[in-house]
file work-v7.cif (mmCIF, C-alpha atoms)
data_query
#
loop_
_atom_site.group_PDB
_atom_site.id
_atom_site.type_symbol
_atom_site.label_atom_id
_atom_site.label_comp_id
_atom_site.auth_asym_id
_atom_site.auth_seq_id
_atom_site.Cartn_x
_atom_site.Cartn_y
_atom_site.Cartn_z
ATOM 1 C CA MET A 94 -5.309 18.613 8.542
ATOM 2 C CA THR A 95 -5.135 17.910 4.818
ATOM 3 C CA VAL A 96 -2.710 15.017 5.322
ATOM 4 C CA MET A 97 -3.982 13.654 8.636
ATOM 5 C CA TRP A 98 -6.254 11.169 6.854
ATOM 6 C CA ILE A 99 -3.098 9.531 5.445
ATOM 7 C CA VAL A 100 -1.705 9.107 8.967
ATOM 8 C CA PHE A 101 -4.980 7.571 10.154
ATOM 9 C CA ALA A 102 -4.948 5.194 7.158
ATOM 10 C CA PHE A 103 -1.430 3.949 7.988
ATOM 11 C CA VAL A 104 -2.264 3.480 11.686
ATOM 12 C CA SER A 105 -5.351 1.550 10.585
ATOM 13 C CA ALA A 106 -3.079 -0.732 8.552
ATOM 14 C CA LEU A 107 -0.862 -1.396 11.586
ATOM 15 C CA PHE A 108 -3.788 -2.405 13.787
ATOM 16 C CA ALA A 109 -5.374 -4.460 10.981
ATOM 17 C CA GLY A 110 -2.143 -6.425 10.572
ATOM 18 C CA LEU A 111 -2.057 -7.246 14.284
ATOM 19 C CA THR A 112 -5.732 -8.259 14.155
ATOM 20 C CA SER A 113 -5.072 -11.196 11.834
ATOM 21 C CA ILE A 114 -2.248 -12.600 13.976
ATOM 22 C CA LEU A 115 -4.123 -12.246 17.266
ATOM 23 C CA ALA A 116 -7.234 -13.771 15.702
ATOM 24 C CA LYS A 117 -5.269 -16.751 14.344
ATOM 25 C CA CYS A 118 -3.948 -17.384 17.868
ATOM 26 C CA GLY A 119 -7.515 -17.323 19.168
ATOM 27 C CA ILE A 120 -9.100 -19.807 16.762
ATOM 28 C CA LYS A 121 -6.865 -22.836 17.070
ATOM 29 C CA LYS A 122 -9.572 -24.728 18.980
ATOM 30 C CA THR A 123 -12.359 -22.138 19.045
ATOM 31 C CA ASP A 124 -14.960 -22.152 16.267
ATOM 32 C CA SER A 125 -14.418 -19.151 13.958
ATOM 33 C CA THR A 126 -18.079 -18.053 14.045
ATOM 34 C CA VAL A 127 -18.088 -18.093 17.855
ATOM 35 C CA ALA A 128 -14.794 -16.199 17.941
ATOM 36 C CA THR A 129 -16.172 -13.561 15.553
ATOM 37 C CA ALA A 130 -19.214 -13.014 17.784
ATOM 38 C CA ILE A 131 -17.106 -12.693 20.943
ATOM 39 C CA ARG A 132 -14.627 -10.233 19.467
ATOM 40 C CA THR A 133 -17.468 -8.107 18.092
ATOM 41 C CA ILE A 134 -18.563 -7.432 21.694
ATOM 42 C CA VAL A 135 -15.096 -6.016 22.393
ATOM 43 C CA VAL A 136 -15.140 -3.907 19.235
ATOM 44 C CA LEU A 137 -18.617 -2.577 20.052
ATOM 45 C CA PHE A 138 -17.585 -1.561 23.581
ATOM 46 C CA PHE A 139 -14.435 0.110 22.274
ATOM 47 C CA SER A 140 -16.368 1.925 19.529
ATOM 48 C CA TRP A 141 -19.016 3.377 21.852
ATOM 49 C CA LEU A 142 -16.355 4.306 24.395
ATOM 50 C CA MET A 143 -14.735 6.466 21.717
ATOM 51 C CA VAL A 144 -18.131 7.983 20.861
ATOM 52 C CA PHE A 145 -18.568 9.227 24.435
ATOM 53 C CA ILE A 146 -14.935 10.334 24.690
ATOM 54 C CA VAL A 147 -15.273 12.608 21.646
ATOM 55 C CA GLY A 148 -18.812 13.605 22.690
ATOM 56 C CA SER A 149 -20.594 12.690 19.461
ATOM 57 C CA GLU A 150 -23.435 10.725 21.097
ATOM 58 C CA GLY A 151 -25.661 13.797 20.837
ATOM 59 C CA GLU A 152 -25.504 13.609 17.033
ATOM 60 C CA ILE A 153 -27.471 10.345 16.831
ATOM 61 C CA GLY A 154 -30.783 12.131 16.305
ATOM 62 C CA SER A 155 -29.384 14.148 13.404
ATOM 63 C CA ILE A 156 -28.357 11.145 11.299
ATOM 64 C CA THR A 157 -30.392 11.090 8.101
ATOM 65 C CA PRO A 158 -32.297 7.942 7.048
ATOM 66 C CA HIS A 159 -30.081 7.811 3.942
ATOM 67 C CA SER A 160 -26.860 7.677 5.996
ATOM 68 C CA LEU A 161 -28.358 5.219 8.478
ATOM 69 C CA ILE A 162 -29.407 2.804 5.724
ATOM 70 C CA PHE A 163 -25.929 2.758 4.200
ATOM 71 C CA LEU A 164 -24.263 2.395 7.606
ATOM 72 C CA VAL A 165 -26.478 -0.633 8.296
ATOM 73 C CA LEU A 166 -25.717 -2.114 4.864
ATOM 74 C CA SER A 167 -22.027 -1.502 5.474
ATOM 75 C CA GLY A 168 -22.332 -3.281 8.809
ATOM 76 C CA LEU A 169 -24.012 -6.285 7.184
ATOM 77 C CA ALA A 170 -21.248 -6.458 4.572
ATOM 78 C CA THR A 171 -18.641 -6.220 7.341
ATOM 79 C CA GLY A 172 -20.269 -9.047 9.277
ATOM 80 C CA ALA A 173 -20.299 -11.274 6.204
ATOM 81 C CA SER A 174 -16.674 -10.388 5.462
ATOM 82 C CA TRP A 175 -15.603 -11.194 9.028
ATOM 83 C CA LEU A 176 -17.369 -14.554 9.086
ATOM 84 C CA CYS A 177 -15.723 -15.548 5.806
ATOM 85 C CA TYR A 178 -12.311 -14.170 6.765
ATOM 86 C CA PHE A 179 -11.970 -15.887 10.124
ATOM 87 C CA LYS A 180 -13.241 -19.157 8.700
ATOM 88 C CA ALA A 181 -10.560 -18.859 6.014
ATOM 89 C CA LEU A 182 -7.938 -18.096 8.695
ATOM 90 C CA GLN A 183 -8.989 -21.169 10.617
ATOM 91 C CA LEU A 184 -8.666 -23.387 7.537
ATOM 92 C CA GLY A 185 -5.650 -21.887 5.764
ATOM 93 C CA ASP A 186 -2.242 -20.323 6.340
ATOM 94 C CA ILE A 187 -2.184 -16.620 7.162
ATOM 95 C CA ASN A 188 0.252 -15.752 4.381
ATOM 96 C CA LYS A 189 -2.108 -17.388 1.860
ATOM 97 C CA VAL A 190 -5.434 -16.088 3.193
ATOM 98 C CA VAL A 191 -4.425 -12.465 3.747
ATOM 99 C CA PRO A 192 -3.316 -11.710 0.144
ATOM 100 C CA VAL A 193 -6.646 -12.983 -1.220
ATOM 101 C CA ASP A 194 -8.559 -10.903 1.310
ATOM 102 C CA LYS A 195 -6.488 -7.837 0.455
ATOM 103 C CA SER A 196 -7.383 -8.219 -3.221
ATOM 104 C CA SER A 197 -10.567 -6.421 -2.209
ATOM 105 C CA THR A 198 -8.502 -3.292 -2.905
ATOM 106 C CA VAL A 199 -8.894 -3.791 -6.639
ATOM 107 C CA LEU A 200 -12.664 -4.178 -6.460
ATOM 108 C CA THR A 201 -12.957 -1.265 -4.001
ATOM 109 C CA ILE A 202 -11.135 1.061 -6.394
ATOM 110 C CA LEU A 203 -13.267 0.011 -9.345
ATOM 111 C CA LEU A 204 -16.477 0.476 -7.342
ATOM 112 C CA ALA A 205 -15.233 3.865 -6.087
ATOM 113 C CA VAL A 206 -14.704 4.988 -9.673
ATOM 114 C CA ILE A 207 -18.121 3.718 -10.793
ATOM 115 C CA PHE A 208 -20.322 4.750 -7.873
ATOM 116 C CA LEU A 209 -18.384 7.545 -6.136
ATOM 117 C CA HIS A 210 -16.985 9.035 -9.353
ATOM 118 C CA GLU A 211 -13.447 9.094 -8.002
ATOM 119 C CA SER A 212 -10.729 9.575 -10.612
ATOM 120 C CA LEU A 213 -8.591 6.732 -11.929
ATOM 121 C CA SER A 214 -5.143 7.915 -13.012
ATOM 122 C CA ILE A 215 -2.561 5.951 -14.974
ATOM 123 C CA ALA A 216 -0.650 5.349 -11.724
ATOM 124 C CA LYS A 217 -3.735 3.921 -10.024
ATOM 125 C CA GLY A 218 -4.457 1.762 -13.062
ATOM 126 C CA ALA A 219 -0.911 0.375 -12.919
ATOM 127 C CA GLY A 220 -1.356 -0.174 -9.195
ATOM 128 C CA ILE A 221 -4.479 -2.243 -9.797
ATOM 129 C CA VAL A 222 -2.595 -4.459 -12.260
ATOM 130 C CA LEU A 223 0.299 -4.950 -9.824
ATOM 131 C CA ILE A 224 -1.982 -5.780 -6.901
ATOM 132 C CA ALA A 225 -3.954 -8.278 -8.977
ATOM 133 C CA ALA A 226 -0.763 -9.917 -10.312
ATOM 134 C CA GLY A 227 0.840 -9.976 -6.864
ATOM 135 C CA THR A 228 -2.222 -11.577 -5.304
ATOM 136 C CA TYR A 229 -2.204 -14.273 -7.977
ATOM 137 C CA LEU A 230 1.464 -15.026 -7.299
ATOM 138 C CA MET A 231 0.827 -15.334 -3.564
ATOM 139 C CA ILE A 232 -1.997 -17.854 -3.950
ATOM 140 C CA GLU A 233 -0.076 -21.116 -3.834
ATOM 141 C CA LYS A 234 -1.378 -24.631 -3.584
ATOM 142 C CA LYS A 235 1.212 -25.654 -1.008
ATOM 143 C CA GLN A 236 -0.028 -25.161 2.557
ATOM 144 C CA SER A 237 1.074 -26.254 5.986
ATOM 145 C CA ASP A 238 0.145 -29.799 7.000
ATOM 146 C CA GLY A 239 -2.867 -28.668 9.052
ATOM 147 C CA ALA A 240 -4.146 -26.336 6.354
ATOM 148 C CA ALA A 241 -3.627 -28.902 3.609
ATOM 149 C CA LYS A 242 -6.175 -31.188 5.243
ATOM 150 C CA ALA A 243 -8.831 -28.510 4.754
ATOM 151 C CA GLY A 244 -8.323 -28.535 0.983
ATOM 152 C CA SER A 245 -9.036 -25.384 -0.993
ATOM 153 C CA SER A 246 -12.145 -24.333 0.923
ATOM 154 C CA TRP A 247 -10.089 -21.582 2.600
ATOM 155 C CA LEU A 248 -9.760 -19.921 -0.818
ATOM 156 C CA LEU A 249 -13.533 -19.693 -1.272
ATOM 157 C CA TYR A 250 -13.982 -18.132 2.174
ATOM 158 C CA ALA A 251 -11.081 -15.711 1.567
ATOM 159 C CA ALA A 252 -12.558 -14.667 -1.780
ATOM 160 C CA GLY A 253 -15.937 -14.109 -0.139
ATOM 161 C CA SER A 254 -14.244 -11.996 2.512
ATOM 162 C CA ALA A 255 -12.632 -9.832 -0.189
ATOM 163 C CA VAL A 256 -15.908 -9.219 -2.028
ATOM 164 C CA PHE A 257 -17.796 -8.232 1.121
ATOM 165 C CA ALA A 258 -14.865 -6.092 2.335
ATOM 166 C CA SER A 259 -14.936 -4.052 -0.857
ATOM 167 C CA LEU A 260 -18.674 -3.490 -0.472
ATOM 168 C CA THR A 261 -18.034 -2.453 3.138
ATOM 169 C CA SER A 262 -15.714 0.365 2.074
ATOM 170 C CA ILE A 263 -18.056 1.764 -0.569
ATOM 171 C CA LEU A 264 -21.206 1.533 1.542
ATOM 172 C CA GLY A 265 -19.319 2.924 4.523
ATOM 173 C CA LYS A 266 -18.003 5.859 2.502
ATOM 174 C CA ILE A 267 -21.561 6.770 1.475
ATOM 175 C CA GLY A 268 -23.001 6.241 4.958
ATOM 176 C CA ILE A 269 -20.265 8.135 6.811
ATOM 177 C CA SER A 270 -20.950 11.317 4.844
ATOM 178 C CA GLY A 271 -22.144 13.941 7.318
ATOM 179 C CA VAL A 272 -21.761 11.553 10.287
ATOM 180 C CA GLU A 273 -18.994 11.778 12.898
ATOM 181 C CA SER A 274 -16.663 8.870 12.084
ATOM 182 C CA ASN A 275 -16.574 7.326 15.598
ATOM 183 C CA LEU A 276 -20.379 7.385 15.787
ATOM 184 C CA GLY A 277 -20.663 5.837 12.333
ATOM 185 C CA THR A 278 -18.238 3.080 13.331
ATOM 186 C CA ALA A 279 -20.207 2.344 16.514
ATOM 187 C CA ILE A 280 -23.503 2.065 14.627
ATOM 188 C CA ARG A 281 -21.978 -0.285 12.060
ATOM 189 C CA THR A 282 -20.462 -2.408 14.814
ATOM 190 C CA GLY A 283 -23.875 -2.803 16.436
ATOM 191 C CA VAL A 284 -25.169 -4.278 13.178
ATOM 192 C CA VAL A 285 -22.198 -6.647 12.996
ATOM 193 C CA LEU A 286 -22.835 -7.750 16.592
ATOM 194 C CA VAL A 287 -26.460 -8.687 15.883
ATOM 195 C CA MET A 288 -25.503 -10.477 12.673
ATOM 196 C CA SER A 289 -22.618 -12.449 14.183
ATOM 197 C CA TRP A 290 -24.609 -13.661 17.209
ATOM 198 C CA MET A 291 -27.519 -14.621 14.974
ATOM 199 C CA MET A 292 -25.097 -16.794 13.013
ATOM 200 C CA VAL A 293 -23.885 -18.439 16.230
ATOM 201 C CA PHE A 294 -27.366 -19.519 17.268
ATOM 202 C CA VAL A 295 -28.743 -20.220 13.773
ATOM 203 C CA THR A 296 -25.880 -22.652 13.173
ATOM 204 C CA GLY A 297 -26.388 -24.231 16.604
ATOM 205 C CA LYS A 298 -22.952 -23.229 17.907
ATOM 206 C CA GLY A 299 -24.146 -21.532 21.101
ATOM 207 C CA LYS A 300 -23.126 -24.583 23.104
ATOM 208 C CA LEU A 301 -19.511 -24.060 22.013
ATOM 209 C CA LEU A 302 -19.218 -20.827 23.988
ATOM 210 C CA ARG A 303 -18.359 -22.653 27.203
ATOM 211 C CA ALA A 304 -15.673 -24.664 25.440
ATOM 212 C CA VAL A 305 -13.545 -21.635 24.497
ATOM 213 C CA PRO A 306 -10.089 -22.027 26.142
ATOM 214 C CA GLU A 307 -9.132 -19.114 28.417
ATOM 215 C CA ASN A 308 -5.887 -18.381 26.572
ATOM 216 C CA GLU A 309 -7.691 -18.246 23.226
ATOM 217 C CA LEU A 310 -10.384 -16.016 24.724
ATOM 218 C CA GLY A 311 -7.634 -13.560 25.653
ATOM 219 C CA PHE A 312 -6.297 -13.483 22.097
ATOM 220 C CA ILE A 313 -9.829 -13.075 20.709
ATOM 221 C CA CYS A 314 -10.400 -10.064 22.957
ATOM 222 C CA LEU A 315 -7.037 -8.533 22.007
ATOM 223 C CA SER A 316 -7.968 -9.077 18.373
ATOM 224 C CA GLY A 317 -11.190 -7.198 19.015
ATOM 225 C CA LEU A 318 -9.285 -4.264 20.520
ATOM 226 C CA ALA A 319 -6.941 -4.178 17.516
ATOM 227 C CA THR A 320 -9.931 -4.287 15.191
ATOM 228 C CA GLY A 321 -11.597 -1.446 17.065
ATOM 229 C CA GLY A 322 -8.477 0.678 16.775
ATOM 230 C CA SER A 323 -8.163 -0.138 13.084
ATOM 231 C CA TRP A 324 -11.805 0.683 12.356
ATOM 232 C CA LEU A 325 -11.737 4.004 14.181
ATOM 233 C CA CYS A 326 -8.656 5.099 12.252
ATOM 234 C CA TYR A 327 -9.932 3.688 8.955
ATOM 235 C CA TYR A 328 -13.294 5.413 8.987
ATOM 236 C CA LYS A 329 -11.721 8.675 10.132
ATOM 237 C CA ALA A 330 -9.419 8.423 7.107
ATOM 238 C CA LEU A 331 -12.340 7.413 4.892
ATOM 239 C CA GLN A 332 -14.349 10.411 6.043
ATOM 240 C CA ASP A 333 -11.632 12.891 5.048
ATOM 241 C CA GLY A 334 -9.869 11.116 2.172
ATOM 242 C CA PRO A 335 -10.807 9.326 -1.090
ATOM 243 C CA ALA A 336 -11.826 5.661 -0.734
ATOM 244 C CA SER A 337 -9.655 4.725 -3.739
ATOM 245 C CA VAL A 338 -6.541 5.814 -1.772
ATOM 246 C CA VAL A 339 -7.533 5.022 1.823
ATOM 247 C CA ALA A 340 -8.387 1.390 1.036
ATOM 248 C CA PRO A 341 -4.992 0.578 -0.567
ATOM 249 C CA ILE A 342 -3.054 2.143 2.337
ATOM 250 C CA ASP A 343 -5.098 0.106 4.793
ATOM 251 C CA LYS A 344 -4.213 -3.034 2.859
ATOM 252 C CA LEU A 345 -0.521 -2.463 3.597
ATOM 253 C CA SER A 346 -1.370 -4.300 6.810
ATOM 254 C CA ILE A 347 -0.323 -7.345 4.790
ATOM 255 C CA LEU A 348 3.303 -6.455 5.593
ATOM 256 C CA VAL A 349 2.633 -6.494 9.341
ATOM 257 C CA THR A 350 0.623 -9.704 9.091
ATOM 258 C CA ILE A 351 3.169 -11.644 7.047
ATOM 259 C CA LEU A 352 6.057 -10.464 9.246
ATOM 260 C CA PHE A 353 4.302 -11.730 12.377
ATOM 261 C CA SER A 354 3.111 -14.921 10.655
ATOM 262 C CA TRP A 355 6.788 -15.707 10.094
ATOM 263 C CA LEU A 356 7.820 -14.771 13.640
ATOM 264 C CA VAL A 357 4.888 -16.428 15.451
ATOM 265 C CA PHE A 358 3.759 -19.306 13.217
ATOM 266 C CA HIS A 359 6.979 -19.808 11.239
ATOM 267 C CA GLU A 360 5.119 -19.561 7.941
ATOM 268 C CA LYS A 361 7.639 -18.968 5.182
ATOM 269 C CA LEU A 362 7.301 -17.214 1.836
ATOM 270 C CA THR A 363 8.550 -18.880 -1.331
ATOM 271 C CA LYS A 364 10.351 -16.804 -3.949
ATOM 272 C CA LYS A 365 7.115 -16.685 -5.947
ATOM 273 C CA SER A 366 5.122 -15.460 -2.952
ATOM 274 C CA ALA A 367 7.812 -12.915 -2.074
ATOM 275 C CA ALA A 368 7.660 -11.546 -5.626
ATOM 276 C CA GLY A 369 3.888 -11.343 -5.285
ATOM 277 C CA LEU A 370 4.221 -9.460 -2.000
ATOM 278 C CA VAL A 371 6.562 -6.923 -3.620
ATOM 279 C CA ALA A 372 4.043 -6.443 -6.435
ATOM 280 C CA VAL A 373 1.140 -5.947 -3.999
ATOM 281 C CA VAL A 374 3.075 -3.397 -1.936
ATOM 282 C CA GLY A 375 4.362 -1.630 -5.059
ATOM 283 C CA GLY A 376 0.857 -1.447 -6.494
ATOM 284 C CA THR A 377 -0.484 -0.106 -3.209
ATOM 285 C CA LEU A 378 2.135 2.643 -3.059
ATOM 286 C CA LEU A 379 1.299 3.660 -6.617
ATOM 287 C CA MET A 380 -2.180 4.490 -5.367
ATOM 288 C CA LEU A 381 -0.696 7.392 -3.428
ATOM 289 C CA LEU A 382 0.544 9.126 -6.589
#

call {"tool": "encode", "arguments": {"input": "work-v7.cif", "output": "structure tokens"}}
result
Amino acid sequence: MTVMWIVFAFVSALFAGLTSILAKCGIKKTDSTVATAIRTIVVLFFSWLMVFIVGSEGEIGSITPHSLIFLVLSGLATGASWLCYFKALQLGDINKVVPVDKSSTVLTILLAVIFLHESLSIAKGAGIVLIAAGTYLMIEKKQSDGAAKAGSSWLLYAAGSAVFASLTSILGKIGISGVESNLGTAIRTGVVLVMSWMMVFVTGKGKLLRAVPENELGFICLSGLATGGSWLCYYKALQDGPASVVAPIDKLSILVTILFSWLVFHEKLTKKSAAGLVAVVGGTLLMLL
């Protein structure tokens, strides 16, 4: 049982890597905000299904106001991160967007040390440096023809995604304390659902729902299922293990994402980007020491 949280963290990384690829396939013509709202429905259904399967629905009344507040805040941060991330994916190449988003690891670790009083060893410090350096190496100006037309706006959205993702982990770690992980995930997802659909209608994009191609709708739903699986594993790992270690393992999803971005979208890594990827992975593995 002492090491099961590590297994859950690695499975979370696998599903998270698939999420990015499936989502990219689903937002070629579909607006990213609309796609985010649709896939959240799938994640919410999947999350509550797991709640009833494990029988934790009876624990709702025992959740303290303190935990509930932080779960809601974590959900808001997740919603903001999703909106930024999928907008960045729509505008930029996967192998450029993902490394920036995964840089949230560095901020998550620093926040975990400051607010959760988790220890920071020499190995973890070296890991932070490697991840930061690797991320910098992977941020290249050269993009595919379609992404180049969007300029550098993808970078701003990806950076926003990273900041909100780091807040998600810390707030989620605090909120999940004393709450069954599947139930906590379901509550957070409900907050994300409300937030994402509010964004659809506030921005006047409700009319775009009927224009979603059927094939892209399928990929969006599959992305939602992958996200649900990733979340359930991630917050189970987060409940039992330290956030400063769980978050870096989860970010190894970058390997899955970049592999499939090459196979599916034929996005290639330059020598500089490859060196950055090695640094990010090496830094992540150092977090386990």

call {"tool": "resolve_selection", "arguments": {"input": "work-v7.cif", "expression": "the PyMOL selection byres ((chain A and resi 323) around 9)", "output": "list in words"}}
result
Phe101, Ala102, Val104, Ser105, Ala106, Leu107, Phe108, Ala109, Thr112, Leu318, Ala319, Thr320, Gly321, Gly322, Trp324, Leu325, Cys326, Tyr327, Tyr328 and Asp343 of chain A

call {"tool": "residues_around", "arguments": {"input": "work-v7.cif", "residues": "segment 136-142 of chain A", "least_positions_apart": "4", "cutoff": "7 Å", "atoms": "all atoms listed in the file", "output": "list in words"}}
result
Arg132, Ile146, Asn275, Thr278, Ala279, Thr282, Gly283, Gly317, Leu318, Thr320 and Gly321 of chain A

call {"tool": "resolve_selection", "arguments": {"input": "work-v7.cif", "expression": "the PyMOL selection byres ((chain A and resi 309) around 8)", "output": "list in words"}}
result
Cys118, Gly119, Ile120, Lys121, Lys122, Thr123, Val305, Pro306, Glu307, Asn308, Leu310, Gly311, Phe312 and Ile313 of chain A

call {"tool": "resolve_selection", "arguments": {"input": "work-v7.cif", "expression": "the PyMOL selection byres ((chain A and resi 263) around 12)", "output": "number ranges by chain"}}
result
A: 163-164, 166-168, 170-171, 197-198, 200-211, 256-262, 264-270, 328, 331-332, 335-337, 339-340

call {"tool": "closest_residue", "arguments": {"input": "work-v7.cif", "among": "A:Val373, A:Leu302, A:Ala130, A:Met143", "to": "Val193 of chain A", "atoms": "only C-alpha atoms"}}
result
A:Val373

call {"tool": "atom_distance", "arguments": {"input": "work-v7.cif", "atom1": "atom CA of Phe294 of chain A", "atom2": "atom CA of Leu169 of chain A"}}
result
17.0 Å

call {"tool": "closest_residue", "arguments": {"input": "work-v7.cif", "among": "A:Ala330, A:Val100, A:Ile114, A:Ala304", "to": "Leu348 of chain A", "atoms": "only C-alpha atoms"}}
result
A:Ile114

call {"tool": "residues_around", "arguments": {"input": "work-v7.cif", "residues": "segment 378-380 of chain A", "least_positions_apart": "2", "cutoff": "7 Å", "atoms": "only C-alpha atoms", "output": "number ranges by chain"}}
result
A: 216-217, 220, 338, 341, 374-376, 382

call {"tool": "atom_distance", "arguments": {"input": "work-v7.cif", "atom1": "atom CA of Gly110 of chain A", "atom2": "atom CA of Ile347 of chain A"}}
result
6.1 Å

call {"tool": "closest_residue", "arguments": {"input": "work-v7.cif", "among": "A:Ala181, A:Val287, A:Ile99, A:Leu301", "to": "Val165 of chain A", "atoms": "only C-alpha atoms"}}
result
A:Val287

call {"tool": "atom_distance", "arguments": {"input": "work-v7.cif", "atom1": "atom CA of Thr157 of chain A", "atom2": "atom CA of Arg281 of chain A"}}
result
14.7 Å

call {"tool": "closest_residue", "arguments": {"input": "work-v7.cif", "among": "A:Ala128, A:Ala225, A:Leu315, A:Val371", "to": "Trp175 of chain A", "atoms": "all atoms listed in the file"}}
result
A:Ala128

call {"tool": "closest_residue", "arguments": {"input": "work-v7.cif", "among": "A:Gln183, A:Ile215, A:Leu223, A:Lys117", "to": "Val199 of chain A", "atoms": "only C-alpha atoms"}}
result
A:Leu223

call {"tool": "residues_around", "arguments": {"input": "work-v7.cif", "residues": "Gly253 of chain A", "least_positions_apart": "2", "cutoff": "8 Å", "atoms": "all atoms listed in the file", "output": "ChimeraX atom specification"}}
result
/A:174,177-178,249-251,255-257

call {"tool": "closest_residue", "arguments": {"input": "work-v7.cif", "among": "A:Lys361, A:Pro192, A:Gly172, A:Gly148", "to": "Ala226 of chain A", "atoms": "all atoms listed in the file"}}
result
A:Pro192

call {"tool": "residues_around", "arguments": {"input": "work-v7.cif", "residues": "Glu360 of chain A", "least_positions_apart": "6", "cutoff": "8 Å", "atoms": "all atoms listed in the file", "output": "ChimeraX atom specification"}}
result
/A:186-188,354
